[in-house]
file query34.cif (mmCIF, C-alpha atoms)
data_protein
loop_
_atom_site.group_PDB
_atom_site.id
_atom_site.type_symbol
_atom_site.label_atom_id
_atom_site.label_comp_id
_atom_site.auth_asym_id
_atom_site.auth_seq_id
_atom_site.Cartn_x
_atom_site.Cartn_y
_atom_site.Cartn_z
ATOM 1 C CA MET A 87 -32.913 1.269 -14.520
ATOM 2 C CA SER A 88 -30.340 -1.505 -15.120
ATOM 3 C CA GLY A 89 -27.731 -2.541 -12.555
ATOM 4 C CA ALA A 90 -24.979 -0.801 -14.533
ATOM 5 C CA GLU A 91 -27.017 2.411 -14.671
ATOM 6 C CA LEU A 92 -27.664 2.204 -10.940
ATOM 7 C CA GLY A 93 -23.912 1.741 -10.396
ATOM 8 C CA LEU A 94 -23.282 4.803 -12.590
ATOM 9 C CA ALA A 95 -25.781 6.942 -10.665
ATOM 10 C CA VAL A 96 -24.538 5.854 -7.215
ATOM 11 C CA SER A 97 -20.854 6.323 -8.120
ATOM 12 C CA VAL A 98 -21.378 9.799 -9.573
ATOM 13 C CA PHE A 99 -23.649 10.798 -6.670
ATOM 14 C CA LEU A 100 -21.082 9.722 -4.044
ATOM 15 C CA ALA A 101 -18.114 11.266 -5.893
ATOM 16 C CA CYS A 102 -19.999 14.524 -6.352
ATOM 17 C CA THR A 103 -21.144 14.577 -2.711
ATOM 18 C CA VAL A 104 -17.543 14.247 -1.483
ATOM 19 C CA GLU A 105 -16.236 16.971 -3.782
ATOM 20 C CA ALA A 106 -19.232 19.224 -3.045
ATOM 21 C CA VAL A 107 -18.601 18.937 0.716
ATOM 22 C CA GLU A 108 -15.007 20.117 0.145
ATOM 23 C CA ALA A 109 -16.097 22.928 -2.179
ATOM 24 C CA LEU A 110 -18.808 24.008 0.291
ATOM 25 C CA THR A 111 -16.175 24.493 3.008
ATOM 26 C CA ILE A 112 -14.303 26.970 0.782
ATOM 27 C CA VAL A 113 -17.445 28.864 -0.273
ATOM 28 C CA LEU A 114 -18.680 29.047 3.348
ATOM 29 C CA ALA A 115 -15.301 30.335 4.552
ATOM 30 C CA VAL A 116 -15.183 33.278 2.136
ATOM 31 C CA GLY A 117 -18.948 33.830 2.289
ATOM 32 C CA THR A 118 -19.144 34.141 6.073
ATOM 33 C CA THR A 119 -15.982 36.226 6.477
ATOM 34 C CA ARG A 120 -16.217 38.499 3.414
ATOM 35 C CA SER A 121 -19.054 38.542 0.872
ATOM 36 C CA TRP A 122 -21.840 36.027 0.298
ATOM 37 C CA SER A 123 -22.891 37.512 -3.044
ATOM 38 C CA SER A 124 -19.357 37.457 -4.482
ATOM 39 C CA ALA A 125 -18.677 33.938 -3.143
ATOM 40 C CA LEU A 126 -21.943 32.586 -4.579
ATOM 41 C CA ALA A 127 -21.250 34.335 -7.903
ATOM 42 C CA GLY A 128 -17.832 32.610 -8.035
ATOM 43 C CA ALA A 129 -19.346 29.216 -7.199
ATOM 44 C CA GLY A 130 -22.088 29.712 -9.798
ATOM 45 C CA ALA A 131 -19.581 30.712 -12.489
ATOM 46 C CA ALA A 132 -17.509 27.583 -11.771
ATOM 47 C CA ALA A 133 -20.603 25.354 -11.902
ATOM 48 C CA ALA A 134 -21.574 26.924 -15.244
ATOM 49 C CA LEU A 135 -18.047 26.336 -16.643
ATOM 50 C CA LEU A 136 -18.180 22.674 -15.560
ATOM 51 C CA ALA A 137 -21.633 22.225 -17.123
ATOM 52 C CA VAL A 138 -20.332 23.697 -20.403
ATOM 53 C CA LEU A 139 -17.332 21.323 -20.271
ATOM 54 C CA VAL A 140 -19.575 18.256 -19.830
ATOM 55 C CA ALA A 141 -22.043 19.456 -22.490
ATOM 56 C CA ALA A 142 -19.208 20.142 -24.962
ATOM 57 C CA LEU A 143 -17.232 16.914 -24.478
ATOM 58 C CA GLY A 144 -20.086 14.471 -23.776
ATOM 59 C CA PRO A 145 -21.501 14.136 -27.316
ATOM 60 C CA GLY A 146 -17.983 13.824 -28.804
ATOM 61 C CA LEU A 147 -17.097 10.990 -26.463
ATOM 62 C CA THR A 148 -20.345 9.089 -26.983
ATOM 63 C CA SER A 149 -19.856 9.195 -30.763
ATOM 64 C CA LEU A 150 -16.607 7.177 -30.546
ATOM 65 C CA PRO A 151 -16.733 3.469 -31.579
ATOM 66 C CA ILE A 152 -17.801 1.429 -28.536
ATOM 67 C CA ASN A 153 -14.597 -0.646 -28.234
ATOM 68 C CA VAL A 154 -12.328 2.409 -28.586
ATOM 69 C CA LEU A 155 -14.445 4.158 -25.962
ATOM 70 C CA ARG A 156 -14.378 1.200 -23.587
ATOM 71 C CA VAL A 157 -10.651 0.504 -23.777
ATOM 72 C CA GLY A 158 -9.649 4.181 -23.667
ATOM 73 C CA VAL A 159 -12.183 5.524 -21.213
ATOM 74 C CA GLY A 160 -12.296 2.255 -19.229
ATOM 75 C CA GLY A 161 -8.500 2.415 -18.857
ATOM 76 C CA LEU A 162 -8.630 6.060 -17.752
ATOM 77 C CA LEU A 163 -11.424 5.283 -15.308
ATOM 78 C CA LEU A 164 -9.364 2.433 -13.900
ATOM 79 C CA VAL A 165 -6.240 4.587 -13.426
ATOM 80 C CA PHE A 166 -8.352 7.323 -11.850
ATOM 81 C CA GLY A 167 -10.332 4.867 -9.673
ATOM 82 C CA LEU A 168 -7.162 3.193 -8.397
ATOM 83 C CA GLN A 169 -5.897 6.630 -7.275
ATOM 84 C CA TRP A 170 -9.066 7.166 -5.233
ATOM 85 C CA LEU A 171 -8.983 3.617 -3.845
ATOM 86 C CA ARG A 172 -5.286 3.736 -2.954
ATOM 87 C CA LYS A 173 -5.703 7.003 -1.020
ATOM 88 C CA ALA A 174 -8.880 5.760 0.703
ATOM 89 C CA ILE A 175 -7.129 2.540 1.809
ATOM 90 C CA LEU A 176 -4.134 4.514 3.145
ATOM 91 C CA ARG A 177 -6.503 6.854 5.031
ATOM 92 C CA ALA A 178 -8.557 3.989 6.452
ATOM 93 C CA ALA A 179 -5.339 2.255 7.537
ATOM 94 C CA GLY A 180 -4.122 5.437 9.277
ATOM 95 C CA LEU A 181 -1.155 6.090 6.972
ATOM 96 C CA LYS A 182 -2.651 9.217 5.416
ATOM 97 C CA ALA A 183 -4.420 12.021 7.235
ATOM 98 C CA LEU A 184 -8.195 12.244 6.858
ATOM 99 C CA HIS A 185 -9.572 15.396 5.262
ATOM 100 C CA ASP A 186 -10.640 17.625 8.164
ATOM 101 C CA GLU A 187 -13.354 20.070 7.048
ATOM 102 C CA ASP A 188 -13.194 22.065 10.313
ATOM 103 C CA ALA A 189 -9.427 22.579 9.907
ATOM 104 C CA ALA A 190 -9.835 23.476 6.214
ATOM 105 C CA PHE A 191 -12.577 25.963 7.143
ATOM 106 C CA ALA A 192 -10.401 27.580 9.831
ATOM 107 C CA GLN A 193 -7.478 27.854 7.406
ATOM 108 C CA GLU A 194 -9.596 29.413 4.628
ATOM 109 C CA THR A 195 -11.245 31.815 7.103
ATOM 110 C CA GLU A 196 -7.874 32.943 8.453
ATOM 111 C CA ALA A 197 -6.569 33.562 4.926
ATOM 112 C CA ALA A 198 -9.758 35.451 3.953
ATOM 113 C CA ARG A 199 -9.522 37.768 6.977
ATOM 114 C CA GLY A 200 -5.926 38.660 6.107
ATOM 115 C CA VAL A 201 -6.810 40.295 2.773
ATOM 116 C CA ALA A 202 -7.996 43.907 2.589
ATOM 117 C CA ARG A 203 -11.559 44.434 1.405
ATOM 118 C CA ALA A 204 -13.317 47.226 -0.473
ATOM 119 C CA ALA A 205 -17.069 47.870 -0.440
ATOM 120 C CA GLY A 206 -19.276 46.188 -3.070
ATOM 121 C CA PHE A 207 -18.137 43.295 -5.257
ATOM 122 C CA ASP A 208 -15.307 41.348 -3.612
ATOM 123 C CA PRO A 209 -12.859 39.896 -6.194
ATOM 124 C CA TYR A 210 -11.123 37.801 -3.500
ATOM 125 C CA SER A 211 -14.325 35.941 -2.526
ATOM 126 C CA PHE A 212 -15.290 35.490 -6.168
ATOM 127 C CA THR A 213 -11.877 34.113 -7.186
ATOM 128 C CA VAL A 214 -11.415 31.793 -4.185
ATOM 129 C CA ALA A 215 -14.936 30.346 -4.571
ATOM 130 C CA LEU A 216 -14.537 30.000 -8.360
ATOM 131 C CA LYS A 217 -11.162 28.256 -8.033
ATOM 132 C CA GLY A 218 -12.317 25.981 -5.196
ATOM 133 C CA VAL A 219 -15.496 24.816 -6.930
ATOM 134 C CA LEU A 220 -13.741 24.455 -10.298
ATOM 135 C CA LEU A 221 -10.881 22.353 -8.912
ATOM 136 C CA GLU A 222 -13.145 20.110 -6.831
ATOM 137 C CA GLY A 223 -15.639 19.879 -9.678
ATOM 138 C CA LEU A 224 -13.131 18.839 -12.349
ATOM 139 C CA GLU A 225 -12.861 15.345 -10.865
ATOM 140 C CA VAL A 226 -16.642 15.050 -10.868
ATOM 141 C CA ALA A 227 -16.828 16.290 -14.473
ATOM 142 C CA PHE A 228 -14.236 13.663 -15.433
ATOM 143 C CA ILE A 229 -16.261 10.909 -13.730
ATOM 144 C CA VAL A 230 -19.545 12.131 -15.253
ATOM 145 C CA LEU A 231 -17.977 12.163 -18.729
ATOM 146 C CA THR A 232 -16.157 8.820 -18.571
ATOM 147 C CA PHE A 233 -18.847 6.888 -16.727
ATOM 148 C CA GLY A 234 -21.703 8.513 -18.628
ATOM 149 C CA ALA A 235 -20.098 8.189 -22.072
ATOM 150 C CA ASN A 236 -19.350 4.484 -21.604
ATOM 151 C CA GLN A 237 -23.027 3.771 -20.997
ATOM 152 C CA HIS A 238 -24.291 6.545 -23.292
ATOM 153 C CA ARG A 239 -25.982 8.040 -20.221
ATOM 154 C CA VAL A 240 -24.161 11.364 -19.705
ATOM 155 C CA GLY A 241 -27.550 12.914 -18.850
ATOM 156 C CA LEU A 242 -28.173 10.416 -16.026
ATOM 157 C CA ALA A 243 -24.645 10.993 -14.684
ATOM 158 C CA ALA A 244 -25.162 14.785 -14.786
ATOM 159 C CA LEU A 245 -28.514 14.377 -12.996
ATOM 160 C CA ALA A 246 -26.893 12.324 -10.206
ATOM 161 C CA ALA A 247 -24.190 15.006 -9.862
ATOM 162 C CA GLY A 248 -26.819 17.759 -9.757
ATOM 163 C CA LEU A 249 -28.773 15.969 -7.010
ATOM 164 C CA ALA A 250 -25.617 15.594 -4.921
ATOM 165 C CA ILE A 251 -24.812 19.317 -5.279
ATOM 166 C CA LEU A 252 -28.390 20.206 -4.309
ATOM 167 C CA LEU A 253 -28.258 17.947 -1.235
ATOM 168 C CA VAL A 254 -24.914 19.324 -0.021
ATOM 169 C CA ALA A 255 -25.868 22.954 -0.733
ATOM 170 C CA THR A 256 -29.170 22.516 1.150
ATOM 171 C CA ALA A 257 -27.384 20.937 4.133
ATOM 172 C CA GLY A 258 -24.760 23.695 4.063
ATOM 173 C CA ILE A 259 -27.389 26.467 3.999
ATOM 174 C CA ALA A 260 -29.307 24.754 6.818
ATOM 175 C CA ILE A 261 -26.400 24.410 9.244
ATOM 176 C CA ARG A 262 -24.186 27.265 7.948
ATOM 177 C CA ALA A 263 -21.065 25.310 8.862
ATOM 178 C CA PRO A 264 -18.734 22.849 7.131
ATOM 179 C CA LEU A 265 -20.173 19.335 6.845
ATOM 180 C CA ALA A 266 -17.412 17.963 9.060
ATOM 181 C CA ARG A 267 -19.388 14.861 10.045
ATOM 182 C CA ALA A 268 -19.880 13.617 6.487
ATOM 183 C CA PRO A 269 -18.153 10.218 6.185
ATOM 184 C CA GLU A 270 -15.863 11.464 3.418
ATOM 185 C CA ASN A 271 -13.390 8.596 3.422
ATOM 186 C CA THR A 272 -16.108 5.950 3.386
ATOM 187 C CA MET A 273 -17.630 7.658 0.347
ATOM 188 C CA LYS A 274 -14.222 7.976 -1.314
ATOM 189 C CA PHE A 275 -13.600 4.287 -0.614
ATOM 190 C CA ALA A 276 -16.926 3.372 -2.255
ATOM 191 C CA VAL A 277 -16.221 5.590 -5.276
ATOM 192 C CA GLY A 278 -12.734 4.079 -5.666
ATOM 193 C CA ILE A 279 -14.238 0.568 -5.624
ATOM 194 C CA MET A 280 -16.926 1.455 -8.181
ATOM 195 C CA LEU A 281 -14.605 3.326 -10.582
ATOM 196 C CA SER A 282 -11.959 0.590 -10.420
ATOM 197 C CA SER A 283 -14.555 -2.184 -10.883
ATOM 198 C CA PHE A 284 -16.293 -0.548 -13.848
ATOM 199 C CA GLY A 285 -12.906 0.460 -15.312
ATOM 200 C CA THR A 286 -11.744 -3.167 -15.084
ATOM 201 C CA PHE A 287 -14.951 -4.440 -16.674
ATOM 202 C CA TRP A 288 -15.058 -1.970 -19.550
ATOM 203 C CA GLY A 289 -11.297 -1.913 -20.116
ATOM 204 C CA ALA A 290 -11.163 -5.715 -20.536
ATOM 205 C CA GLU A 291 -14.260 -5.724 -22.781
ATOM 206 C CA GLY A 292 -12.818 -2.950 -24.937
ATOM 207 C CA ALA A 293 -9.540 -4.870 -25.257
ATOM 208 C CA GLY A 294 -11.485 -7.819 -26.684
ATOM 209 C CA ALA A 295 -12.106 -10.034 -23.628
ATOM 210 C CA SER A 296 -15.501 -11.608 -22.926
ATOM 211 C CA TRP A 297 -16.611 -11.745 -19.314
ATOM 212 C CA PRO A 298 -18.195 -14.943 -18.015
ATOM 213 C CA GLY A 299 -21.853 -14.071 -17.372
ATOM 214 C CA ASN A 300 -21.506 -10.771 -19.307
ATOM 215 C CA ASP A 301 -22.799 -7.816 -17.211
ATOM 216 C CA ALA A 302 -23.393 -10.125 -14.207
ATOM 217 C CA ALA A 303 -19.590 -10.318 -13.835
ATOM 218 C CA LEU A 304 -19.791 -6.886 -12.190
ATOM 219 C CA LEU A 305 -21.731 -8.472 -9.330
ATOM 220 C CA VAL A 306 -18.602 -10.523 -8.623
ATOM 221 C CA ILE A 307 -15.930 -7.906 -9.429
ATOM 222 C CA ILE A 308 -17.341 -5.239 -7.067
ATOM 223 C CA PRO A 309 -17.629 -7.346 -3.858
ATOM 224 C CA VAL A 310 -14.341 -9.155 -4.516
ATOM 225 C CA LEU A 311 -12.445 -5.863 -4.979
ATOM 226 C CA LEU A 312 -14.129 -4.496 -1.842
ATOM 227 C CA ALA A 313 -13.115 -7.580 0.180
ATOM 228 C CA ILE A 314 -9.529 -7.395 -1.106
ATOM 229 C CA SER A 315 -9.327 -3.651 -0.333
ATOM 230 C CA LEU A 316 -10.611 -4.167 3.218
ATOM 231 C CA ALA A 317 -8.049 -6.972 3.616
ATOM 232 C CA PHE A 318 -5.332 -4.504 2.509
ATOM 233 C CA VAL A 319 -6.513 -2.038 5.176
ATOM 234 C CA ALA A 320 -6.304 -4.753 7.861
ATOM 235 C CA LEU A 321 -2.874 -5.928 6.626
ATOM 236 C CA ILE A 322 -1.393 -2.416 6.629
ATOM 237 C CA ARG A 323 -2.805 -1.694 10.086
ATOM 238 C CA ARG A 324 -1.301 -4.916 11.432
ATOM 239 C CA ALA A 325 2.059 -4.507 9.675
ATOM 240 C CA SER A 326 2.637 -0.813 10.297
ATOM 241 C CA PRO A 327 3.290 0.397 13.847
ATOM 242 C CA LEU A 328 2.909 3.953 12.523
ATOM 243 C CA ALA A 329 -0.640 3.228 11.359
ATOM 244 C CA SER A 330 -1.748 1.743 14.667
ATOM 245 C CA SER A 331 -0.232 4.644 16.666
ATOM 246 C CA ARG A 332 -2.105 7.311 14.684
ATOM 247 C CA ALA A 333 -5.499 8.722 15.559
ATOM 248 C CA PRO A 334 -8.454 6.426 14.881
ATOM 249 C CA VAL A 335 -10.148 6.969 11.543
ATOM 250 C CA THR A 336 -13.322 8.561 12.876
ATOM 251 C CA GLY A 337 -15.948 8.959 10.201
ATOM 252 C CA SER A 338 -14.426 6.266 8.068
ATOM 253 C CA GLY A 339 -16.402 3.088 8.084
ATOM 254 C CA ALA A 340 -13.954 1.422 5.709
ATOM 255 C CA MET B 54 7.488 27.237 -16.046
ATOM 256 C CA SER B 55 5.674 27.837 -19.348
ATOM 257 C CA ALA B 56 1.888 27.645 -19.577
ATOM 258 C CA VAL B 57 2.099 24.491 -21.721
ATOM 259 C CA THR B 58 4.350 22.770 -19.162
ATOM 260 C CA ALA B 59 2.049 23.841 -16.333
ATOM 261 C CA VAL B 60 -1.038 22.496 -18.124
ATOM 262 C CA GLY B 61 0.797 19.256 -18.993
ATOM 263 C CA ARG B 62 1.885 18.803 -15.383
ATOM 264 C CA GLY B 63 -1.655 19.550 -14.181
ATOM 265 C CA VAL B 64 -3.167 16.932 -16.520
ATOM 266 C CA TRP B 65 -0.496 14.401 -15.473
ATOM 267 C CA ASP B 66 -1.162 15.001 -11.765
ATOM 268 C CA PHE B 67 -4.907 14.867 -12.340
ATOM 269 C CA VAL B 68 -5.016 11.588 -14.275
ATOM 270 C CA VAL B 69 -1.893 9.704 -13.182
ATOM 271 C CA GLY B 70 -1.559 11.062 -9.634
ATOM 272 C CA ASP B 71 1.030 10.023 -7.071
ATOM 273 C CA ASP B 72 2.046 6.695 -8.578
ATOM 274 C CA TRP B 73 2.858 6.565 -12.292
ATOM 275 C CA ARG B 74 3.651 2.855 -12.023
ATOM 276 C CA VAL B 75 -0.052 2.097 -11.558
ATOM 277 C CA ALA B 76 -0.936 3.938 -14.786
ATOM 278 C CA LEU B 77 1.858 2.186 -16.699
ATOM 279 C CA GLY B 78 0.777 -1.181 -15.265
ATOM 280 C CA VAL B 79 -2.823 -0.590 -16.404
ATOM 281 C CA VAL B 80 -1.589 0.187 -19.944
ATOM 282 C CA PHE B 81 0.489 -3.024 -20.019
ATOM 283 C CA ALA B 82 -2.409 -5.074 -18.612
ATOM 284 C CA LEU B 83 -4.796 -3.724 -21.269
ATOM 285 C CA ALA B 84 -2.231 -4.526 -23.982
ATOM 286 C CA ALA B 85 -1.777 -8.060 -22.575
ATOM 287 C CA THR B 86 -5.566 -8.532 -22.497
ATOM 288 C CA ALA B 87 -5.837 -7.430 -26.139
ATOM 289 C CA LEU B 88 -2.996 -9.769 -27.132
ATOM 290 C CA ILE B 89 -4.455 -12.789 -25.321
ATOM 291 C CA ALA B 90 -7.948 -12.010 -26.652
ATOM 292 C CA THR B 91 -6.676 -12.629 -30.202
ATOM 293 C CA SER B 92 -5.866 -16.246 -29.246
ATOM 294 C CA THR B 93 -8.256 -19.008 -28.190
ATOM 295 C CA VAL B 94 -7.414 -18.489 -24.487
ATOM 296 C CA ALA B 95 -9.874 -16.524 -22.284
ATOM 297 C CA ALA B 96 -8.503 -13.021 -21.531
ATOM 298 C CA TRP B 97 -10.941 -11.635 -18.921
ATOM 299 C CA TRP B 98 -8.787 -12.636 -15.922
ATOM 300 C CA VAL B 99 -5.731 -10.525 -16.882
ATOM 301 C CA LEU B 100 -7.058 -7.117 -15.821
ATOM 302 C CA PRO B 101 -8.525 -8.144 -12.393
ATOM 303 C CA LEU B 102 -5.255 -9.879 -11.495
ATOM 304 C CA ALA B 103 -3.248 -6.871 -12.648
ATOM 305 C CA VAL B 104 -5.474 -4.488 -10.629
ATOM 306 C CA VAL B 105 -4.938 -6.432 -7.399
ATOM 307 C CA ALA B 106 -1.179 -6.761 -8.026
ATOM 308 C CA LEU B 107 -0.754 -3.064 -8.915
ATOM 309 C CA LEU B 108 -2.783 -1.935 -5.907
ATOM 310 C CA ALA B 109 -0.829 -4.221 -3.562
ATOM 311 C CA ASP B 110 2.513 -3.015 -4.925
ATOM 312 C CA SER B 111 1.523 0.658 -4.739
ATOM 313 C CA LEU B 112 0.235 0.268 -1.157
ATOM 314 C CA ARG B 113 3.372 -1.625 -0.119
ATOM 315 C CA ARG B 114 5.577 1.221 -1.385
ATOM 316 C CA ALA B 115 3.363 3.861 0.233
ATOM 317 C CA ALA B 116 3.412 1.993 3.562
ATOM 318 C CA ARG B 117 7.219 1.698 3.438
ATOM 319 C CA ALA B 118 7.584 5.387 2.610
ATOM 320 C CA GLY B 119 5.247 6.228 5.489
ATOM 321 C CA GLN B 120 7.318 4.190 7.931
ATOM 322 C CA ARG B 121 10.553 5.861 6.837
ATOM 323 C CA ARG B 122 9.100 9.332 7.583
#

call {"tool": "encode", "arguments": {"input": "query34.cif", "output": "structure tokens"}}
result
Amino acid sequence: MSGAELGLAVSVFLACTVEAVEALTIVLAVGTTRSWSSALAGAGAAAALLAVLVAALGPGLTSLPINVLRVGVGGLLLVFGLQWLRKAILRAAGLKALHDEDAAFAQETEAARGVARAAGFDPYSFTVALKGVLLEGLEVAFIVLTFGANQHRVGLAALAAGLAILLVATAGIAIRAPLARAPENTMKFAVGIMLSSFGTFWGAEGAGASWPGNDAALLVIIPVLLAISLAFVALIRRASPLASSRAPVTGSGA
Amino acid sequence: MSAVTAVGRGVWDFVVGDDWRVALGVVFALAATALIATSTVAAWWVLPLAVVALLADSLRRAARAGQRR
């Protein structure tokens, strides 16, 4: 496996783990309070829809000319990655609230208890689980498609996503509670760095630039962007009294 | 809101997100890279510089907005 393929697998795995943790909270909330079978059916239907989306769009994307693919998809990946990175930096600096799985679980559970329930199939559980998994999974599908298509390795990207889902689902079944201790922001920070770095690399290549050292340039881009992002976190913390007065960013190593 | 508008807004929020200036800046930086790449000057440095500048500007605005709240 080349360095770029390893970067692809790690990025997709981390992105999918984060989104799967958030989706698991929703499925657990409706499953434990209402109906496990309906909640799991909703989650399964959403996963199947996402798989169809990737299978339908993947071959079309990979058949595009390489420079069109790199400038278009690289640019999209960069815009998308900068969104993730920006939010992760603001969370790590204390200017944006961290995602609290326990609070999300309590909120979903409260809402689920407030809706009347008939015996048998529960449309509420099915719909909430379907919507939750679909919305969280769309970002992963986007990353699988863009990252995978650029390297013509959509299958590898889908495999990394599948492993992440399996890991999170197994952990969720084992503890039967939201994975509140997962270092979500650290993972989001890492994904933002990887997406932005690969987006920069491919976008510039697609636009006609040649990187010094070719693929080895990524070994410089990734650590430099990480160092700059961590410097931004430190600068914001120092400059903003609001950031320093907020709760410490527990669970965020960034 | 019509279905088309809702889908368009959803796609915009999904891809562009909170700060449209970042997306616009990336488009300009890619165009500048393509333009410079047609000359004899190296063009690889344009996008990394633009990424750092766009991120810094977006964070500066977000930090200011956070302080005003």

call {"tool": "interface_residues", "arguments": {"input": "query34.cif", "of": "chain A", "to": "chain B", "cutoff": "9 Å", "atoms": "only C-alpha atoms", "output": "ChimeraX atom specification"}}
result
/A:157,161-162,164-166,168-169,171-173,175-176,181-182,225,282-283,286-287,289-298,307,311,314-315,318,322,326-329

call {"tool": "axis_aligned_box", "arguments": {"input": "query34.cif", "around": "region 109-113 of chain B", "padding_each_side": "5 Å", "output": "AutoDock Vina command-line options"}}
result
--center_x 1.3 --center_y -1.8 --center_z -2.5 --size_x 14.2 --size_y 14.9 --size_z 14.8

call {"tool": "resolve_selection", "arguments": {"input": "query34.cif", "expression": "the PyMOL selection byres ((chain A and resi 241-256) around 8)", "output": "ChimeraX atom specification"}}
result
/A:94-96,98-100,102-103,106-107,110,226,230-231,233-234,239-240,257-260

call {"tool": "atom_distance", "arguments": {"input": "query34.cif", "atom1": "CA of Val113 (chain A)", "atom2": "CA of Val219 (chain A)"}}
result
8.0 Å

call {"tool": "residues_around", "arguments": {"input": "query34.cif", "residues": "Val214 (chain A)", "least_positions_apart": "3", "cutoff": "8 Å", "atoms": "all atoms listed in the file", "output": "PyMOL selection string"}}
result
chain A and resi 112-113+116+125+128+210-211+217-218

call {"tool": "atom_distance", "arguments": {"input": "query34.cif", "atom1": "CA of Ile229 (chain A)", "atom2": "CA of Val64 (chain B)"}}
result
14.7 Å

call {"tool": "resolve_selection", "arguments": {"input": "query34.cif", "expression": "the PyMOL selection byres ((chain A and resi 187) around 12)", "output": "ChimeraX atom specification"}}
result
/A:104-112,114-115,184-186,188-195,263-270,337

call {"tool": "atom_distance", "arguments": {"input": "query34.cif", "atom1": "CA of Gly160 (chain A)", "atom2": "CA of Leu281 (chain A)"}}
result
9.0 Å

call {"tool": "residues_around", "arguments": {"input": "query34.cif", "residues": "Gly93 (chain A)", "least_positions_apart": "4", "cutoff": "9 Å", "atoms": "all atoms listed in the file", "output": "JSON, numbers by chain"}}
result
{"A": [88, 89, 97, 98, 280, 284]}

call {"tool": "write_last_selection", "arguments": {"input": "query34.cif", "atoms": "C-alpha atoms", "output": "tab-separated table (two decimals), in the frame of the given file"}}
result
chain	number	residue	atom	x	y	z
A	88	SER	CA	-30.34	-1.50	-15.12
A	89	GLY	CA	-27.73	-2.54	-12.56
A	97	SER	CA	-20.85	6.32	-8.12
A	98	VAL	CA	-21.38	9.80	-9.57
A	280	MET	CA	-16.93	1.46	-8.18
A	284	PHE	CA	-16.29	-0.55	-13.85

call {"tool": "resolve_selection", "arguments": {"input": "query34.cif", "expression": "the PyMOL selection byres ((chain A and resi 146) around 12)", "output": "list in words"}}
result
Leu139, Val140, Ala141, Ala142, Leu143, Gly144, Pro145, Leu147, Thr148, Ser149, Leu150, Pro151, Leu155, Leu231, Thr232, Ala235, Asn236, His238 and Val240 of chain A

call {"tool": "residues_near_point", "arguments": {"input": "query34.cif", "point": "(-17.6, 47.1, -0.5)", "cutoff": "12 Å", "atoms": "only C-alpha atoms", "output": "PyMOL selection string"}}
result
chain A and resi 120-124+202-211

call {"tool": "build_atoms", "arguments": {"input": "query34.cif", "residues": "region 69-81 of chain B", "atoms": "N, CA and C atoms", "output": "mmCIF file, keeping the file's coordinate frame"}}
result
data_model
loop_
_atom_site.group_PDB
_atom_site.id
_atom_site.type_symbol
_atom_site.label_atom_id
_atom_site.label_comp_id
_atom_site.auth_asym_id
_atom_site.auth_seq_id
_atom_site.Cartn_x
_atom_site.Cartn_y
_atom_site.Cartn_z
ATOM 1 N N VAL B 69 -2.831 10.744 -13.641
ATOM 2 C CA VAL B 69 -1.893 9.704 -13.182
ATOM 3 C C VAL B 69 -1.723 9.743 -11.660
ATOM 4 N N GLY B 70 -1.636 10.944 -11.091
ATOM 5 C CA GLY B 70 -1.559 11.062 -9.634
ATOM 6 C C GLY B 70 -0.194 10.742 -9.066
ATOM 7 N N ASP B 71 -0.205 10.216 -7.828
ATOM 8 C CA ASP B 71 1.030 10.023 -7.071
ATOM 9 C C ASP B 71 1.907 8.893 -7.605
ATOM 10 N N ASP B 72 1.286 7.904 -8.239
ATOM 11 C CA ASP B 72 2.046 6.695 -8.578
ATOM 12 C C ASP B 72 1.915 6.359 -10.066
ATOM 13 N N TRP B 73 2.917 6.786 -10.847
ATOM 14 C CA TRP B 73 2.858 6.565 -12.292
ATOM 15 C C TRP B 73 2.951 5.085 -12.647
ATOM 16 N N ARG B 74 3.499 4.289 -11.731
ATOM 17 C CA ARG B 74 3.651 2.855 -12.023
ATOM 18 C C ARG B 74 2.288 2.189 -12.198
ATOM 19 N N VAL B 75 1.306 2.661 -11.446
ATOM 20 C CA VAL B 75 -0.052 2.097 -11.558
ATOM 21 C C VAL B 75 -0.597 2.353 -12.969
ATOM 22 N N ALA B 76 -0.437 3.592 -13.444
ATOM 23 C CA ALA B 76 -0.936 3.938 -14.786
ATOM 24 C C ALA B 76 -0.230 3.104 -15.856
ATOM 25 N N LEU B 77 1.093 2.974 -15.724
ATOM 26 C CA LEU B 77 1.858 2.186 -16.699
ATOM 27 C C LEU B 77 1.420 0.715 -16.648
ATOM 28 N N GLY B 78 1.213 0.210 -15.437
ATOM 29 C CA GLY B 78 0.777 -1.181 -15.265
ATOM 30 C C GLY B 78 -0.582 -1.425 -15.906
ATOM 31 N N VAL B 79 -1.491 -0.451 -15.787
ATOM 32 C CA VAL B 79 -2.823 -0.590 -16.404
ATOM 33 C C VAL B 79 -2.686 -0.658 -17.927
ATOM 34 N N VAL B 80 -1.801 0.194 -18.485
ATOM 35 C CA VAL B 80 -1.589 0.187 -19.944
ATOM 36 C C VAL B 80 -1.057 -1.173 -20.394
ATOM 37 N N PHE B 81 -0.073 -1.710 -19.672
ATOM 38 C CA PHE B 81 0.489 -3.024 -20.019
ATOM 39 C C PHE B 81 -0.579 -4.123 -19.890
#
